[in-house]
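Report on one structure; see the data block that follows.
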Amino acid sequence: MSDAPEHSPTFARVSLARRLDRAAPYLLVPVLVLLGYMAIGVPSSWLTLTVSGLAMGMMIFIMASGLTLVFGLMDIINFGHGAFISIGAFMGVSVLFWLPGWTQAASLPLNVAAISLAILAAMLLTGAVSWVFERVIVRPVYGSHLKQILITVGALIVLEELIVVVWGGEEIFLSRPEMLQGAITFADAALERYRILAVVVGLLIFAALRLVLQRTKIGLIVRAGVQNGEMVEALGYRLKLVFIGVFVAGSALAGLGGVMWALYEQVITAGMGEGMMILIFIVVIIGGLGSVEGAFIGALLVGLLQNYVAFLEPKLALVSNIALMTAILMWRPQGMMPVMKGH
Amino acid sequence: MSDPILTVEGVETDIAQYHILKGVDLQVPRGQVTMLLGRNGVGKTTTLRTIMGLWRNKAGRIGFDGRDLNKMPIADRCRAGIGFVPEDMGIFAALTVEENMTLAALSGPLDPARKDWLFATFPPLRTFWKSPAGTLSGGQKQMLSIARAMAEARSLYLIDEPTKGLAPAIVSTMVRALRELKAQGASILMVEQNFAVAKALGDRAVVMDDGRAIWSGAMAELAADPALQERLMGLSMEAH
């Protein structure tokens with residue numbers, strides 16, 4: 001037997017069509033923004049709606065990012081994810097109510113500190129609850145989607161009822177911290193301060209997730225685990241521990257998103273998380289299961305489209321996201337950026 | 001056999017409703033290459049996967065280097081010193097070659113000397129170091145799969161059909177790499193259908209049929225006896 005010949009490959013040029021196909025998901029957001037501009041016509045209205053859509057998209061992304069990783073990593077369908085949004089919102093709002101001096105002060109640092117504490121408390125509580133949730137609810141139903149759906153929907157109802165027991169069944173209205181109320185004017189457009197903060201927080205979370213997933217060993221294990229969990233274990237990593245970590249972190253992010261959404265809507269109910277799950281599932285599905293980048297782009301598309309359509313044709317706003325999902329799945333049935341499974 | 005590194009005794013494994021392994025007994029001597037042979041569907045891959053813990057045995061015992069593997073998690077089997085190259089190669093297609101190798105280095109960054117040795121053994125890995133593993137050819141993927149198992153020294157390698165579907169020149173590269181691995185003192189249990197490769201590499205052979213090991217002995221003895229091959233596997237391996 002002779003040895004393999006010296007290997008000196010020449011790399012083929014990637015065609016323009018193929019490059020465009022790869023970049024298409026990244027181009028969708030600017031294309032939608034451009035189409036929105038052309039359809040709305042008034043630059044100030046367009047800018048207001050764009051910032052609003054981006055803010056909404058960022059918050060949906062924060063809530064969806066954990067779910068997509070849990071889907072991708074362990075093939076778990078968790079309808080209980082919505083409960084973590086509600087729990088986070090209630091915990092965060094409780095902290096804000098305990099700090100009236102900080103939230104009502106005309107001081108941006110104090111206001112931001114209050115929100116940060118609220119987010120921290122929300123993430124700690126949802127993280128702790130999700131740890132128990134994984135052990136008691138999810139672990140016994142690995143491998144069975146039907147059982148996962150049934151038991152996590154049941155758990156969602158139980159957790160919502162527990163919220164009612166602890167915080168009461170009434171809607172709770174809240175005001176944003178003093179310095180985050182109102183809007184600033186930029187190029188004749190009114191941009192709500194809180195929405196700008198939401199965009200910044202969303203970008204920071206996305207950057208942090210990217211950093212962890214792309215630049216750390218644990219991120220590498222998670223990305224590999226999404227593709228082929230069995231092989232990750234055969235390489236010496238206890239994937240169940242990684243999964244628990246991802247589940248807890250993803251739920252804590254849902255809690256964070258709950259606080260942000262509560263301040264966005266300025267009202268919270270036990271069922272608010274359940275109500276968000278439709279949008280979150282749309283984002284996870286169109287992004288491609290297991291893809292954080294896909295979820296990010298999907299969330300921005302959902303947020304922008306909903307705002308543009310609500311302005312242009314309010315009656316169509318309710319169906320716009322379903323139509324978006326249908327269109328994307330007809331184009332890419334596995335979602336925009338599906339994670340490659342196996343080899 | 002004195003102090004084998006791996007001992008499989010009466011192992012039975014079910015996959016769904018199918019009873020695949022029906023009492024496998026085999027031993028892998030230290031520092032030798034043991035070929036696991038037999039017709040398709042007799043349980044060779046299942047045996048390797050059961051040893052690795054990817055399928056659980058319902059009966060029997062698997063001993064590795066003085067430890068009982070039966071209840072050991074998959075990850076701990078690797079950490080105990082078992083490297084695994086699955087039949088489907090198990091590479092992470094969306095990760096780069098570098099990331100695949102980084103993942104395989106459990107105890108920290110990949111040792112530079114070992115990396116150089118792997119580059120020398122499998123030159124395409126250097127060429128495609130920053131490329132997604134999914135873009136590699138079949139032979140290159142197989143090289144990556146084996147190199148990944150070799151990223152750190154292991155005392156036992158379980159390798160499932162590493163030459164399947166590969167061009168003869170690449171098969172030669174594989175054989176040379178596995179010989180070097182053996183020369184470093186590693187023990188290898190390898191499923192192989194290519195008789196030339198089995199003959200070139202194997203010190204010992206275990207032949208399976210219908211979920212059991214039906215013969216074990218020196219590879220040279222099996223290679224030299226077409227009648228024995230005919231009796232054990234239903235055809236002469238010289239025909240391969």
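Following the order of the structure tokens, chains are lettered A, B, ..., residues in each are numbered from 1, and ligands are numbered from 1.
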
Report as CSV the residues of chain B within 8 Å of chain A, each with its shortest atom pair and distance in Å (one decimal), using only C-alpha atoms, ordered by chain and increasing residue number.
```
residue,atom,partner,partner_atom,distance
B:Met52,CA,A:Ala234,CA,7.3
B:Leu54,CA,A:Glu230,CA,7.3
B:Ile74,CA,A:Ala234,CA,5.8
B:Ala75,CA,A:Gly236,CA,3.8
B:Asp76,CA,A:Gly236,CA,6.2
B:Arg77,CA,A:Gly236,CA,7.4
B:Cys78,CA,A:Gly236,CA,5.0
B:Arg79,CA,A:Gly236,CA,5.6
B:Gly83,CA,A:Leu235,CA,7.5
B:Phe84,CA,A:Ala234,CA,6.8
B:Asp88,CA,A:His343,CA,7.6
B:Met89,CA,A:His343,CA,7.6
B:Gly90,CA,A:Met231,CA,6.1
B:Ile91,CA,A:His343,CA,5.7
B:Phe92,CA,A:His343,CA,6.1
B:Ala93,CA,A:His343,CA,5.2
B:Ala94,CA,A:Met340,CA,6.1
B:Leu95,CA,A:Ala224,CA,7.3
B:Glu99,CA,A:Leu220,CA,7.4
B:Leu103,CA,A:Ile221,CA,7.1
B:Ala104,CA,A:Leu235,CA,6.0
B:Leu106,CA,A:Gly236,CA,7.1
B:Pro123,CA,A:His7,CA,6.8
B:Pro124,CA,A:His7,CA,6.4
B:Thr127,CA,A:Ser8,CA,7.9
B:Gly134,CA,A:His343,CA,6.6
B:Ala149,CA,A:Leu235,CA,7.9
B:Pro168,CA,A:Met1,CA,7.1
B:Ala169,CA,A:Ala4,CA,4.2
B:Ile170,CA,A:Ala4,CA,5.0
B:Val171,CA,A:Ala4,CA,7.9
B:Ser172,CA,A:Asp3,CA,5.1
B:Thr173,CA,A:Asp3,CA,5.5
```

Sel. of helix (DSSP H, G or I) residues, range 158-215 of chain B, as a ChimeraX atom specification: /B:168-183,195-201

Check range 42-191 of chain A with DSSP on the backbone and list each residue it calls strand (DSSP E), as a list in words.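 Result set for range 42-191 of chain A (strand (DSSP E)): Ile172, Phe173, Ala183, Ile184, Thr185, Phe186, Ala189, Ala190 and Leu191 of chain A.
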
Applying 10 Å and only C-alpha atoms, which residues near Gly287 in chain A remain after dropping the ones on its own chain fewer than 5 positions away? List them as a ChimeraX atom specification. /A:25,68,281-282,292-299,325,328-329,332,334-339

Could the residues in this selection be written to a file with N, CA and C atoms, as a compact mmCIF listing (two decimals), in the first residue's frame?
```
# COMPACT_ATOMS: atom_id res chain seq x y z
N PRO A 25 -29.87 35.57 5.63
CA PRO A 25 -30.51 35.87 6.92
C PRO A 25 -30.03 37.19 7.50
N THR A 68 -34.04 28.35 22.79
CA THR A 68 -33.48 27.76 21.56
C THR A 68 -32.29 26.87 21.89
N PHE A 281 -41.81 31.14 20.37
CA PHE A 281 -41.71 29.93 19.54
C PHE A 281 -41.53 30.30 18.07
N ILE A 282 -42.22 31.36 17.64
CA ILE A 282 -42.03 31.80 16.24
C ILE A 282 -40.56 32.15 16.01
N VAL A 292 -28.51 30.63 18.30
CA VAL A 292 -28.67 31.90 19.01
C VAL A 292 -28.69 33.05 18.00
N GLU A 293 -27.82 32.98 17.00
CA GLU A 293 -27.80 34.03 15.98
C GLU A 293 -29.12 34.06 15.22
N GLY A 294 -29.62 32.88 14.89
CA GLY A 294 -30.90 32.80 14.18
C GLY A 294 -32.02 33.40 15.02
N ALA A 295 -32.00 33.10 16.33
CA ALA A 295 -33.03 33.65 17.22
C ALA A 295 -32.91 35.18 17.29
N PHE A 296 -31.69 35.67 17.27
CA PHE A 296 -31.47 37.12 17.32
C PHE A 296 -32.08 37.79 16.08
N ILE A 297 -31.75 37.26 14.92
CA ILE A 297 -32.28 37.84 13.68
C ILE A 297 -33.80 37.67 13.62
N GLY A 298 -34.26 36.49 14.00
CA GLY A 298 -35.70 36.23 14.00
C GLY A 298 -36.45 37.19 14.91
N ALA A 299 -35.89 37.45 16.09
CA ALA A 299 -36.56 38.34 17.05
C ALA A 299 -36.62 39.76 16.50
N MET A 325 -43.45 33.74 9.65
CA MET A 325 -42.97 32.37 9.90
C MET A 325 -43.26 31.47 8.70
N ILE A 328 -40.81 32.28 5.88
CA ILE A 328 -39.44 31.81 6.13
C ILE A 328 -39.35 30.29 6.06
N LEU A 329 -40.36 29.61 6.57
CA LEU A 329 -40.31 28.14 6.53
C LEU A 329 -40.49 27.61 5.11
N ARG A 332 -36.83 28.37 3.92
CA ARG A 332 -35.89 27.48 4.60
C ARG A 332 -36.65 26.66 5.65
N GLN A 334 -35.95 24.42 7.65
CA GLN A 334 -35.30 24.17 8.94
C GLN A 334 -35.05 25.47 9.71
N GLY A 335 -35.59 26.57 9.23
CA GLY A 335 -35.31 27.87 9.84
C GLY A 335 -34.13 28.53 9.14
N MET A 336 -33.90 29.81 9.51
CA MET A 336 -32.88 30.57 8.77
C MET A 336 -31.47 30.03 8.96
N MET A 337 -31.13 29.70 10.20
CA MET A 337 -29.75 29.28 10.47
C MET A 337 -29.76 28.03 11.34
N PRO A 338 -30.25 26.92 10.80
CA PRO A 338 -30.35 25.71 11.63
C PRO A 338 -28.96 25.19 12.00
N VAL A 339 -28.87 24.59 13.16
CA VAL A 339 -27.61 23.99 13.58
C VAL A 339 -27.48 22.64 12.91
```

Taking into account only C-alpha atoms, which residue in the set A:Leu263, A:Met123, A:Ala113, A:Leu316 is nearest to Gly88 in chain A?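 When distances to Gly88 in chain A are compared using only C-alpha atoms, the smallest one comes from A:Met123.
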
Minimum-distance residue to Met101 in chain B, chosen among B:Ala186, B:Leu144, B:Leu232, B:Leu48 (using only C-alpha atoms): B:Leu144

Looking at only C-alpha atoms, which of A:Ser320, A:Gln306, A:Thr326, A:Ser144 is the one that sits closest to Leu54 in chain A?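 Of A:Ser320, A:Gln306, A:Thr326, A:Ser144, the one nearest Leu54 in chain A is A:Gln306, counting only C-alpha atoms.
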
Contact residues around Met190 in chain B with only C-alpha atoms at 7 Å, ignoring same-chain residues under 2 positions, as a PyMOL selection string: chain B and resi 34-36+158-160+188+192

Could those residues be written to a file, using C-alpha atoms, as an mmCIF file, in the first residue's frame?
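So again.cif came out as:
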```cif
data_model
loop_
_atom_site.group_PDB
_atom_site.id
_atom_site.type_symbol
_atom_site.label_atom_id
_atom_site.label_comp_id
_atom_site.auth_asym_id
_atom_site.auth_seq_id
_atom_site.Cartn_x
_atom_site.Cartn_y
_atom_site.Cartn_z
ATOM 1 C CA THR B 34 -7.185 -6.657 18.305
ATOM 2 C CA MET B 35 -9.364 -6.840 15.210
ATOM 3 C CA LEU B 36 -13.087 -7.402 15.718
ATOM 4 C CA LEU B 158 -12.071 1.731 20.152
ATOM 5 C CA ILE B 159 -12.102 2.307 16.402
ATOM 6 C CA ASP B 160 -15.047 1.406 14.194
ATOM 7 C CA ILE B 188 -6.560 -0.908 20.042
ATOM 8 C CA GLU B 192 -12.521 -3.697 10.222
#
```

Please identify all polymer residues within 6 Å of Gly82 in chain A, counting only C-alpha atoms, omitting same-chain residues fewer than 3 positions from it, and present them as a list in words. Ile85, Gly273, Glu274 and Met277 of chain A

Write to file, as a compact mmCIF listing (two decimals), in the first residue's frame, the residues of the selection just made, with C-alpha atoms.
```
# COMPACT_ATOMS: atom_id res chain seq x y z
CA ILE A 85 -40.81 35.14 32.25
CA GLY A 273 -45.15 34.77 29.99
CA GLU A 274 -47.63 32.31 28.53
CA MET A 277 -44.63 32.04 24.20
```
